[in-house]
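Shown next: coords.cif, given as mmCIF, C-alpha atoms.
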data_work
loop_
_atom_site.label_atom_id
_atom_site.label_comp_id
_atom_site.auth_asym_id
_atom_site.auth_seq_id
_atom_site.Cartn_x
_atom_site.Cartn_y
_atom_site.Cartn_z
CA MET A 117 39.49 18.90 -66.44
CA SER A 118 37.74 16.01 -68.12
CA GLY A 119 38.73 12.36 -68.31
CA SER A 120 40.23 12.99 -71.75
CA THR A 121 42.62 15.66 -70.37
CA LEU A 122 43.75 13.57 -67.39
CA ASP A 123 47.56 13.46 -67.10
CA THR A 124 48.50 9.83 -66.40
CA SER A 125 52.18 10.04 -67.35
CA ALA A 126 53.34 9.74 -63.71
CA LEU A 127 51.79 6.25 -63.54
CA THR A 128 54.04 4.81 -66.25
CA GLN A 129 57.09 7.00 -66.83
CA PRO A 130 60.50 5.79 -65.50
CA VAL A 131 61.45 6.86 -61.99
CA SER A 132 64.82 6.71 -60.29
CA ARG A 133 65.43 4.83 -57.06
CA ALA A 134 66.94 7.97 -55.56
CA GLU A 135 63.71 9.91 -56.16
CA VAL A 136 61.63 7.12 -54.64
CA ARG A 137 63.89 6.88 -51.56
CA ALA A 138 63.77 10.65 -51.07
CA PHE A 139 59.98 10.66 -51.34
CA THR A 140 59.66 7.78 -48.85
CA ALA A 141 61.94 9.61 -46.40
CA GLN A 142 59.78 12.73 -46.76
CA LEU A 143 56.61 10.75 -45.99
CA ARG A 144 58.23 9.32 -42.87
CA ARG A 145 59.23 12.78 -41.68
CA GLU A 146 55.65 13.94 -42.18
CA GLY A 147 54.31 10.93 -40.23
CA LYS A 148 52.27 9.60 -43.17
CA LEU A 149 53.69 6.07 -43.27
CA THR A 150 52.67 4.72 -39.87
CA SER A 151 50.64 1.69 -40.95
CA VAL A 152 52.72 1.07 -44.06
CA VAL A 153 55.91 1.00 -42.03
CA VAL A 154 54.35 -1.39 -39.53
CA THR A 155 53.35 -3.71 -42.37
CA THR A 156 56.84 -3.59 -43.83
CA VAL A 157 58.43 -4.25 -40.45
CA GLY A 158 56.12 -7.25 -40.13
CA PHE A 159 57.38 -8.65 -43.40
CA VAL A 160 60.97 -8.08 -42.35
CA VAL A 161 60.40 -9.81 -39.01
CA VAL A 162 58.79 -12.81 -40.70
CA GLY A 163 61.62 -12.92 -43.18
CA GLY A 164 64.14 -12.77 -40.33
CA ILE A 165 62.44 -15.65 -38.54
CA LEU A 166 62.50 -17.75 -41.69
CA LEU A 167 66.12 -16.80 -42.24
CA VAL A 168 67.17 -17.90 -38.76
CA ALA A 169 65.14 -21.12 -39.05
CA ALA A 170 66.70 -21.94 -42.39
CA SER A 171 70.20 -21.25 -41.06
CA LEU A 172 69.68 -23.49 -38.03
CA MET A 173 68.30 -26.26 -40.19
CA ALA A 174 71.20 -25.94 -42.58
CA THR A 175 73.62 -26.19 -39.64
CA VAL A 176 71.91 -29.36 -38.40
CA VAL A 177 71.96 -30.85 -41.87
CA SER A 178 75.64 -29.99 -42.34
CA PHE A 179 76.63 -31.64 -39.07
CA GLY A 180 74.62 -34.74 -39.91
CA LEU A 181 75.53 -35.15 -43.56
CA PHE A 182 78.86 -33.44 -44.18
CA ALA A 183 80.89 -35.82 -42.07
CA ASP A 184 81.77 -38.80 -44.24
CA GLU A 185 85.12 -40.00 -42.93
CA GLY A 186 86.42 -36.45 -43.06
CA ARG A 187 85.24 -35.80 -46.62
CA PRO A 188 82.35 -33.52 -47.67
CA ASN A 189 79.14 -35.38 -48.35
CA PRO A 190 77.45 -34.43 -51.68
CA ILE A 191 74.00 -34.78 -50.08
CA GLY A 192 74.93 -32.37 -47.28
CA ILE A 193 76.29 -29.85 -49.79
CA ALA A 194 73.08 -30.09 -51.80
CA PHE A 195 70.94 -29.45 -48.70
CA LEU A 196 73.09 -26.47 -47.72
CA LEU A 197 72.83 -24.95 -51.19
CA PHE A 198 69.07 -25.45 -51.11
CA PHE A 199 68.69 -23.56 -47.83
CA VAL A 200 70.98 -20.79 -49.05
CA ALA A 201 68.78 -20.46 -52.14
CA VAL A 202 65.68 -20.24 -49.93
CA ILE A 203 67.30 -17.49 -47.88
CA VAL A 204 68.27 -15.54 -50.99
CA LEU A 205 64.75 -15.84 -52.44
CA ILE A 206 63.16 -14.60 -49.21
CA ALA A 207 65.50 -11.63 -49.06
CA TYR A 208 64.87 -10.84 -52.74
CA ALA A 209 61.11 -11.06 -52.31
CA LEU A 210 61.22 -8.66 -49.37
CA VAL A 211 63.34 -6.17 -51.32
CA VAL A 212 61.05 -6.36 -54.37
CA LEU A 213 57.94 -5.98 -52.20
CA PHE A 214 59.30 -2.98 -50.31
CA ARG A 215 60.59 -1.31 -53.48
CA GLY A 216 57.33 -1.97 -55.33
CA ARG A 217 55.22 -0.41 -52.58
CA ALA A 218 57.50 2.61 -52.41
CA THR A 219 57.39 3.10 -56.19
CA ARG A 220 53.61 2.74 -56.19
CA ARG A 221 53.30 5.48 -53.55
CA TYR A 222 55.62 7.75 -55.53
CA ARG A 223 53.69 7.29 -58.78
CA LEU A 224 50.24 7.80 -57.26
CA ALA A 225 51.31 10.89 -55.33
CA HIS A 226 52.78 12.51 -58.44
CA PHE A 227 49.80 11.47 -60.56
CA ALA A 228 47.53 13.23 -58.06
CA GLU A 229 49.73 16.33 -57.98
CA ALA A 230 49.82 16.55 -61.78
CA ASN A 231 46.01 16.68 -61.84
CA GLY A 232 45.46 19.13 -58.98
CA LEU A 233 44.54 16.39 -56.51
CA THR A 234 45.98 15.16 -53.22
CA TRP A 235 47.14 11.62 -52.32
CA PHE A 236 47.11 10.01 -48.86
CA PRO A 237 48.70 6.59 -48.22
CA THR A 238 46.20 5.50 -45.57
CA VAL A 239 43.08 6.84 -43.87
CA PRO A 240 42.11 4.71 -40.84
CA LYS A 241 38.40 4.52 -40.03
CA PRO A 242 37.29 6.96 -42.77
CA ASP A 243 34.41 9.12 -41.54
CA LEU A 244 32.10 8.59 -44.51
CA PRO A 245 28.34 7.85 -44.47
CA GLY A 246 28.30 5.09 -47.11
CA MET A 247 27.09 1.60 -46.20
CA ILE A 248 30.49 -0.11 -46.51
CA PHE A 249 32.07 2.27 -44.00
CA SER A 250 29.96 1.08 -41.06
CA GLU A 251 30.63 -2.63 -41.47
CA GLY A 252 33.02 -4.80 -39.46
CA HIS A 253 36.19 -3.61 -37.79
CA SER A 254 39.79 -2.67 -38.69
CA ARG A 255 38.48 -0.30 -41.35
CA GLU A 256 41.06 1.39 -43.54
CA ALA A 257 41.14 3.29 -46.83
CA THR A 258 44.39 3.22 -48.78
CA ASP A 259 45.84 5.19 -51.68
CA VAL A 260 43.15 7.83 -51.27
CA ILE A 261 43.16 10.54 -53.94
CA HIS A 262 40.82 13.49 -53.66
CA GLY A 263 40.28 17.10 -54.67
CA PRO A 264 38.01 19.44 -56.68
CA ARG A 265 37.27 18.73 -60.38
CA PRO A 266 35.52 21.26 -59.79
CA ARG A 267 33.07 19.11 -57.80
CA TRP A 268 34.82 17.39 -54.88
CA VAL A 269 35.77 13.83 -55.78
CA GLU A 270 37.54 11.09 -53.83
CA VAL A 271 38.84 7.70 -54.96
CA GLY A 272 40.22 5.05 -52.64
CA ASN A 273 40.67 1.35 -51.97
CA TYR A 274 39.01 0.14 -48.80
CA THR A 275 39.10 -2.90 -46.52
CA TYR A 276 37.34 -4.00 -43.36
CA LYS A 277 37.30 -7.24 -41.40
CA THR A 278 34.54 -9.33 -39.89
CA GLY A 279 34.82 -12.12 -37.34
CA SER A 280 37.92 -12.96 -35.35
CA GLY A 281 40.53 -15.65 -35.03
CA LYS A 282 40.18 -18.47 -37.57
CA ASN A 283 36.85 -17.01 -38.73
CA GLU A 284 38.24 -13.56 -39.50
CA GLN A 285 37.57 -12.44 -43.05
CA THR A 286 38.87 -9.42 -44.96
CA HIS A 287 36.43 -7.64 -47.28
CA ARG A 288 37.92 -5.58 -50.10
CA TRP A 289 36.16 -2.71 -51.82
CA ALA A 290 36.98 0.43 -53.72
CA TYR A 291 34.93 3.59 -53.97
CA VAL A 292 34.48 6.84 -55.83
CA MET A 293 32.78 9.62 -53.88
CA LEU A 294 31.21 12.78 -55.30
CA ARG A 295 30.08 15.69 -53.11
CA LEU A 296 26.56 16.80 -54.01
CA ASP A 297 25.17 20.32 -53.91
CA THR A 298 22.43 19.44 -51.40
CA PRO A 299 21.49 16.53 -49.13
CA LEU A 300 19.24 13.98 -50.87
CA PRO A 301 17.12 11.02 -49.77
CA HIS A 302 18.94 7.76 -49.17
CA ILE A 303 18.84 5.93 -52.53
CA VAL A 304 20.71 2.78 -53.53
CA LEU A 305 21.21 1.46 -57.06
CA ASP A 306 22.18 -2.20 -56.74
CA ALA A 307 23.87 -3.15 -60.01
CA VAL A 308 22.35 -6.34 -61.42
CA GLY A 309 25.44 -7.30 -63.39
CA ASN A 310 27.71 -7.86 -60.37
CA ASN A 311 25.27 -9.89 -58.28
CA GLY A 312 26.11 -13.40 -57.18
CA LEU A 313 24.41 -16.79 -57.54
CA PHE A 314 20.59 -16.64 -57.82
CA GLY A 315 20.87 -12.86 -58.22
CA VAL A 316 21.99 -12.33 -54.63
CA SER A 317 23.31 -8.80 -54.12
CA ASN A 318 27.00 -8.39 -53.41
CA LEU A 319 26.29 -5.39 -51.17
CA PRO A 320 27.02 -5.83 -47.45
CA THR A 321 23.58 -4.50 -46.49
CA THR A 322 20.13 -5.87 -47.38
CA PHE A 323 17.24 -3.43 -47.72
CA SER A 324 13.55 -4.05 -47.22
CA ARG A 325 12.04 -5.05 -50.57
CA ASP A 326 8.96 -2.86 -50.15
CA GLN A 327 11.33 0.07 -50.81
CA ARG A 328 12.17 -1.24 -54.28
CA LEU A 329 11.04 1.17 -57.02
CA SER A 330 10.66 0.11 -60.64
CA LEU A 331 11.59 2.72 -63.24
CA GLU A 332 10.65 3.00 -66.87
CA GLY A 333 12.59 1.67 -69.83
CA ASP A 334 15.29 -0.94 -69.34
CA PHE A 335 16.72 0.66 -66.19
CA ASP A 336 15.54 -2.28 -64.05
CA GLN A 337 17.63 -4.62 -66.19
CA HIS A 338 20.75 -2.81 -64.98
CA PHE A 339 19.90 -1.58 -61.47
CA ALA A 340 17.56 -2.39 -58.60
CA LEU A 341 16.63 1.01 -57.15
CA TYR A 342 15.72 1.36 -53.47
CA CYS A 343 14.32 4.57 -52.00
CA PRO A 344 12.63 5.34 -48.63
CA THR A 345 8.90 4.70 -48.46
CA GLY A 346 7.04 7.85 -49.44
CA TYR A 347 9.93 9.19 -51.54
CA GLU A 348 9.00 7.46 -54.78
CA ARG A 349 8.00 10.70 -56.47
CA ASP A 350 11.26 12.31 -55.35
CA ALA A 351 13.27 9.42 -56.83
CA LEU A 352 11.42 9.87 -60.14
CA TYR A 353 12.25 13.59 -60.02
CA LEU A 354 15.96 12.80 -59.51
CA PHE A 355 16.20 9.92 -61.96
CA THR A 356 14.77 11.41 -65.10
CA PRO A 357 15.27 9.41 -68.33
CA ASP A 358 18.40 11.36 -69.27
CA VAL A 359 19.94 10.76 -65.82
CA MET A 360 19.06 7.05 -65.98
CA ALA A 361 20.76 6.84 -69.38
CA ARG A 362 23.97 8.32 -67.95
CA PHE A 363 24.10 5.72 -65.17
CA ILE A 364 23.37 2.85 -67.56
CA ASP A 365 26.01 3.98 -70.05
CA ASN A 366 28.75 4.81 -67.55
CA ALA A 367 28.17 3.07 -64.21
CA ALA A 368 26.27 -0.15 -64.93
CA ALA A 369 29.15 -2.23 -63.51
CA LEU A 370 29.14 -0.31 -60.21
CA ASP A 371 26.81 -0.15 -57.23
CA VAL A 372 25.63 3.36 -56.41
CA GLU A 373 24.59 4.91 -53.10
CA ILE A 374 23.24 8.40 -52.51
CA VAL A 375 23.35 9.30 -48.82
CA ASP A 376 23.27 12.77 -47.25
CA ASP A 377 25.21 15.03 -49.62
CA ARG A 378 27.41 12.28 -51.09
CA LEU A 379 27.18 9.97 -54.07
CA PHE A 380 29.25 6.77 -53.88
CA LEU A 381 30.23 4.36 -56.63
CA TYR A 382 31.34 0.98 -55.26
CA ALA A 383 33.48 -1.73 -56.88
CA ARG A 384 34.94 -5.01 -55.64
CA ARG A 385 38.31 -4.40 -57.31
CA GLU A 386 41.00 -1.78 -56.87
CA LEU A 387 40.19 1.59 -58.38
CA SER A 388 43.14 3.56 -57.01
CA THR A 389 45.67 1.80 -59.20
CA LEU A 390 48.67 2.31 -61.48
CA ASP A 391 46.60 1.46 -64.58
CA PRO A 392 46.02 4.64 -66.63
CA ALA A 393 43.00 3.07 -68.37
CA VAL A 394 41.22 2.62 -65.03
CA TRP A 395 41.74 6.28 -64.13
CA GLN A 396 40.51 7.42 -67.55
CA TRP A 397 37.41 5.30 -67.05
CA ILE A 398 36.84 6.60 -63.49
CA PHE A 399 37.02 10.27 -64.38
CA GLY A 400 35.17 9.76 -67.64
CA THR A 401 32.36 8.25 -65.55
CA VAL A 402 32.57 11.06 -62.98
CA ASP A 403 32.37 13.72 -65.68
CA ALA A 404 29.44 12.03 -67.41
CA ILE A 405 27.44 11.80 -64.18
CA ASP A 406 28.47 15.27 -63.01
CA GLU A 407 26.88 16.87 -66.05
CA LYS A 408 23.47 15.74 -64.77
CA LEU A 409 23.94 16.40 -61.05
CA GLY A 410 23.39 20.13 -61.35
CA GLN A 411 19.64 19.62 -61.73
CA TRP A 412 19.57 17.71 -58.41
CA ALA A 413 20.64 20.89 -56.59
CA ARG A 414 17.10 22.27 -57.03
CA TRP A 415 15.47 19.39 -55.13
CA ARG A 416 13.84 20.25 -51.82
CA ASP A 417 12.08 17.96 -49.35
CA GLU A 418 8.47 19.15 -49.11
CA ARG A 419 8.16 17.33 -45.77
CA LEU A 420 10.37 19.95 -44.13
CA PRO A 421 8.44 22.97 -42.83
CA ALA A 422 8.83 26.19 -44.74
CA ALA A 423 10.26 29.10 -42.78
CA ALA A 424 8.28 32.31 -42.32
CA ALA A 425 10.24 35.36 -43.46
CA PRO A 426 9.06 38.82 -42.28
CA VAL A 427 8.39 41.47 -44.92
CA ALA A 428 8.10 45.25 -44.76
CA SER A 429 4.29 45.18 -44.41
CA GLY A 430 4.56 42.99 -41.35
CA ILE A 431 2.84 40.05 -43.06
CA PRO A 432 5.05 36.93 -42.98
CA LEU A 433 5.87 35.31 -46.30
CA LEU A 434 6.51 31.57 -46.47
CA THR A 435 9.80 30.65 -48.11
CA PRO A 436 10.56 27.32 -49.81
CA PRO A 437 11.70 24.44 -47.57
CA PRO A 438 15.37 24.62 -46.60
CA ALA A 439 17.96 22.22 -47.99
CA GLY A 440 17.88 18.93 -46.15
CA VAL A 441 15.97 15.67 -45.82
CA ALA A 442 13.24 14.78 -43.33
CA ARG A 443 14.07 12.04 -40.84
CA GLU A 444 12.08 9.33 -42.63
CA GLY A 445 14.04 9.86 -45.85
CA ARG A 446 17.56 9.93 -44.47
CA ARG A 447 18.13 6.18 -44.27
CA LEU A 448 16.62 3.14 -45.95
CA ARG A 449 15.16 0.43 -43.74
CA ARG A 450 17.22 -2.73 -43.46
CA GLY A 451 15.76 -5.97 -44.78
CA PHE A 452 16.25 -9.71 -44.48
CA SER A 453 18.13 -11.85 -47.01
CA TRP A 454 16.35 -15.15 -47.67
CA VAL A 455 19.65 -16.66 -48.80
CA GLY A 456 21.26 -15.71 -45.49
CA GLY A 457 18.24 -17.15 -43.71
CA VAL A 458 18.54 -20.47 -45.55
CA ILE A 459 22.23 -20.67 -44.72
CA ALA A 460 21.50 -19.92 -41.06
CA VAL A 461 18.81 -22.61 -40.93
CA LEU A 462 21.13 -25.16 -42.54
CA ALA A 463 23.93 -24.25 -40.10
CA ILE A 464 21.61 -24.64 -37.09
CA GLY A 465 20.29 -27.91 -38.50
CA TRP A 466 23.77 -29.29 -38.95
CA TRP A 467 24.70 -28.25 -35.41
CA LEU A 468 21.63 -30.00 -33.99
CA PHE A 469 22.39 -33.10 -36.03
CA THR A 470 25.94 -33.29 -34.67
CA VAL A 471 24.71 -32.77 -31.09
CA ILE A 472 22.08 -35.52 -31.43
CA SER A 473 24.59 -37.84 -33.09
CA ASP A 474 27.13 -37.34 -30.32
CA THR A 475 24.48 -37.86 -27.63
CA PHE A 476 22.44 -40.82 -28.89
CA LEU A 477 24.48 -42.58 -31.53
CA ARG A 478 27.67 -43.31 -29.59
#
Would you put the structure from the file into structure tokens?
Amino acid sequence: MSGSTLDTSALTQPVSRAEVRAFTAQLRREGKLTSVVVTTVGFVVVGGILLVAASLMATVVSFGLFADEGRPNPIGIAFLLFFVAVIVLIAYALVVLFRGRATRRYRLAHFAEANGLTWFPTVPKPDLPGMIFSEGHSREATDVIHGPRPRWVEVGNYTYKTGSGKNEQTHRWAYVMLRLDTPLPHIVLDAVGNNGLFGVSNLPTTFSRDQRLSLEGDFDQHFALYCPTGYERDALYLFTPDVMARFIDNAAALDVEIVDDRLFLYARRELSTLDPAVWQWIFGTVDAIDEKLGQWARWRDERLPAAAAPVASGIPLLTPPPAGVAREGRRLRRGFSWVGGVIAVLAIGWWLFTVISDTFLR
């Protein structure tokens, strides 16, 4: 099944409320709506609190402004109508939010089923080796769709949090994962087009710059490639000109990570969505890259010792290295971001300035 034969009708065709309610009830029976239900309950509780507060305030206003020598006060009536309108809007917003989430789940699940895939509403702490999955806390993948195409593919939206209290920040990503035929060295393609100010990478991890490898042609204009020291020749074997062309043509807007036997494509916007065009683009990209991944299956790490296989004559025969990656090639070395360093220095300087000011300039 290629991107052109993807069935996206379930994402847009009309659905009945009865079908959506029945599907939601089924998910609850199967225990698949734990975090979603908690979120919805949270909204309902907040709405209830606002409702009670608005009612109490309206009561106070009515007592204070309705009494005008026994006649209704127009100002009091206006305030009461205003609070009633607020209550109605809150209730409507909650209903629309709940119904929209339920319909979204229904559409994505049936889209996945129509294409031989499986949908999961949430996957807490996904056990994946990519760099974004080891950052922060409260990690959660949502609207995860995966299955064979025939190579195993997975698409999901992903969030994690850093900090706590007032300094807590939510980081939003989305990913596409492809299962490779064999483990490969840790390689990162940092897309140039989605970098920030001064070309600062948007990736959550900084890698040592002595691992940066320049490739031929205009590949460096689209990606900064990092590979473990000593694996430069292996990276050139994997990223032949035809493979580089596929990544430039189809994935130049995405960051790419090859780690263990997985290939990840990262984006800072939702990929598991109700937009048929996004899904056509995703699987068109997957199919284009997949056509070139077969040649990667032949790669072997020459640093791994070859096994000795006995033969009939009794003389051992060395076999090629087994599939796998030597320890030094499994993970890139972390680096230091000069931008982060400048920010840290400025923050420390400002802190020292405030301390000195408070101490000596009172």
Problem set entry | Given only C-alpha atoms as the counted atoms, nearest of A:Arg384, A:Arg378, A:His262, A:His302 to Ala442 in chain A |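 Nearest to Ala442 in chain A: A:His302.
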For this session: Using CA of Arg255 in chain A and CA of Lys277 in chain A as the two end points, give the distance in Å to one decimal.
Result: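 Atom-to-atom, CA of Arg255 in chain A and CA of Lys277 in chain A are spaced 7.0 Å apart.
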What are the nearest atom pairs, with distances in Å to one decimal, for all residues of range 336-438 of chain A that come at most 9 Å from range 285-294 of chain A, using all atoms listed in the file, set out by chain and rising residue number as CSV?
residue,atom,partner,partner_atom,distance
A:Asp377,CA,A:Leu294,CA,8.6
A:Arg378,CA,A:Leu294,CA,5.7
A:Leu379,CA,A:Leu294,CA,5.1
A:Phe380,CA,A:Met293,CA,4.5
A:Leu381,CA,A:Val292,CA,5.0
A:Tyr382,CA,A:Tyr291,CA,4.6
A:Ala383,CA,A:Ala290,CA,5.2
A:Arg384,CA,A:Trp289,CA,4.6
A:Arg385,CA,A:Trp289,CA,6.1
A:Glu386,CA,A:Ala290,CA,5.6
A:Leu387,CA,A:Ala290,CA,5.8
A:Ser388,CA,A:Ala290,CA,7.7
A:Ile398,CA,A:Val292,CA,8.0
A:Val402,CA,A:Leu294,CA,8.0
A:Asp406,CA,A:Leu294,CA,8.6
For this session: Decode the PyMOL selection byres ((chain A and resi 440) around 12) for the given file into explicit residues and return them as a PyMOL selection string.
Result: chain A and resi 296-302+375-377+413-422+436-439+441-446
For this session: Enumerate, as JSON, numbers by chain, the residues matched when the PyMOL selection byres ((chain A and resi 223) around 9) is run on the file above.
Result: {"A": [126, 127, 128, 129, 131, 136, 218, 219, 220, 221, 222, 224, 225, 226, 227, 228, 390]}
Exercise. Could you spell out the hits of the PyMOL selection byres ((chain A and resi 354) around 10) on the shown file, as a ChimeraX atom specification?
Worked result: /A:300-301,348-353,355-357,359-360,408-409,411-415
For this session: Give me, please, the distance in Å between CA of Gln327 in chain A and CA of Phe452 in chain A, quoted to one decimal.
Result: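 We find that CA of Gln327 in chain A and CA of Phe452 in chain A lie 12.6 Å from each other.
What separates CA of Leu233 in chain A from CA of Val269 in chain A is a distance of 9.2 Å.
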For this session: Can you pull out every residue within 12 Å of Tyr276 in chain A, counting all atoms listed in the file, but drop anything in the same chain fewer than 3 positions away, and send it as a list in words?
Result: Pro240, Lys241, Pro242, Ile248, Phe249, Ser250, Glu251, Gly252, His253, Ser254, Arg255, Glu256, Ala257, Thr258, Asn273, Gly279, Glu284, Gln285, Thr286, His287, Arg288, Trp289, Ala290 and Pro320 of chain A
Go ahead and write the residues just picked, C-alpha atoms, as an mmCIF file, keeping the file's coordinate frame.
data_model
loop_
_atom_site.group_PDB
_atom_site.id
_atom_site.type_symbol
_atom_site.label_atom_id
_atom_site.label_comp_id
_atom_site.auth_asym_id
_atom_site.auth_seq_id
_atom_site.Cartn_x
_atom_site.Cartn_y
_atom_site.Cartn_z
ATOM 1 C CA PRO A 240 42.110 4.710 -40.840
ATOM 2 C CA LYS A 241 38.400 4.520 -40.030
ATOM 3 C CA PRO A 242 37.290 6.960 -42.770
ATOM 4 C CA ILE A 248 30.490 -0.110 -46.510
ATOM 5 C CA PHE A 249 32.070 2.270 -44.000
ATOM 6 C CA SER A 250 29.960 1.080 -41.060
ATOM 7 C CA GLU A 251 30.630 -2.630 -41.470
ATOM 8 C CA GLY A 252 33.020 -4.800 -39.460
ATOM 9 C CA HIS A 253 36.190 -3.610 -37.790
ATOM 10 C CA SER A 254 39.790 -2.670 -38.690
ATOM 11 C CA ARG A 255 38.480 -0.300 -41.350
ATOM 12 C CA GLU A 256 41.060 1.390 -43.540
ATOM 13 C CA ALA A 257 41.140 3.290 -46.830
ATOM 14 C CA THR A 258 44.390 3.220 -48.780
ATOM 15 C CA ASN A 273 40.670 1.350 -51.970
ATOM 16 C CA GLY A 279 34.820 -12.120 -37.340
ATOM 17 C CA GLU A 284 38.240 -13.560 -39.500
ATOM 18 C CA GLN A 285 37.570 -12.440 -43.050
ATOM 19 C CA THR A 286 38.870 -9.420 -44.960
ATOM 20 C CA HIS A 287 36.430 -7.640 -47.280
ATOM 21 C CA ARG A 288 37.920 -5.580 -50.100
ATOM 22 C CA TRP A 289 36.160 -2.710 -51.820
ATOM 23 C CA ALA A 290 36.980 0.430 -53.720
ATOM 24 C CA PRO A 320 27.020 -5.830 -47.450
#
Problem set entry | Minimum-distance residue to Ala361 in chain A, chosen among A:Glu407, A:Phe335, A:Ile374, A:Thr345 (using only C-alpha atoms) | A:Phe335
Exercise. Restricting the calculation to all atoms listed in the file, which member of A:Ala134, A:Leu313, A:Cys343, A:Ala230 is positioned closest to Ile261 in chain A?
Worked result: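 Closest candidate: A:Ala230.
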For this session: Considering all atoms listed in the file, return as a VMD selection string whatever protein or nucleic-acid residues lie within 12 Å of Asp403 in chain A, sequence-local ones (same chain, fewer than 6 positions apart) excluded.
Result: chain A and resid 117 to 122 265 to 269 294 362 to 363 366 to 367 396 to 397 409 to 410
For this session: Find, counting all atoms listed in the file, the residue in A:Tyr274, A:Trp235, A:Phe323, A:Trp395 that gets nearest to Thr124 in chain A.
Result: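 Closest residue, counting all atoms listed in the file: A:Trp395.
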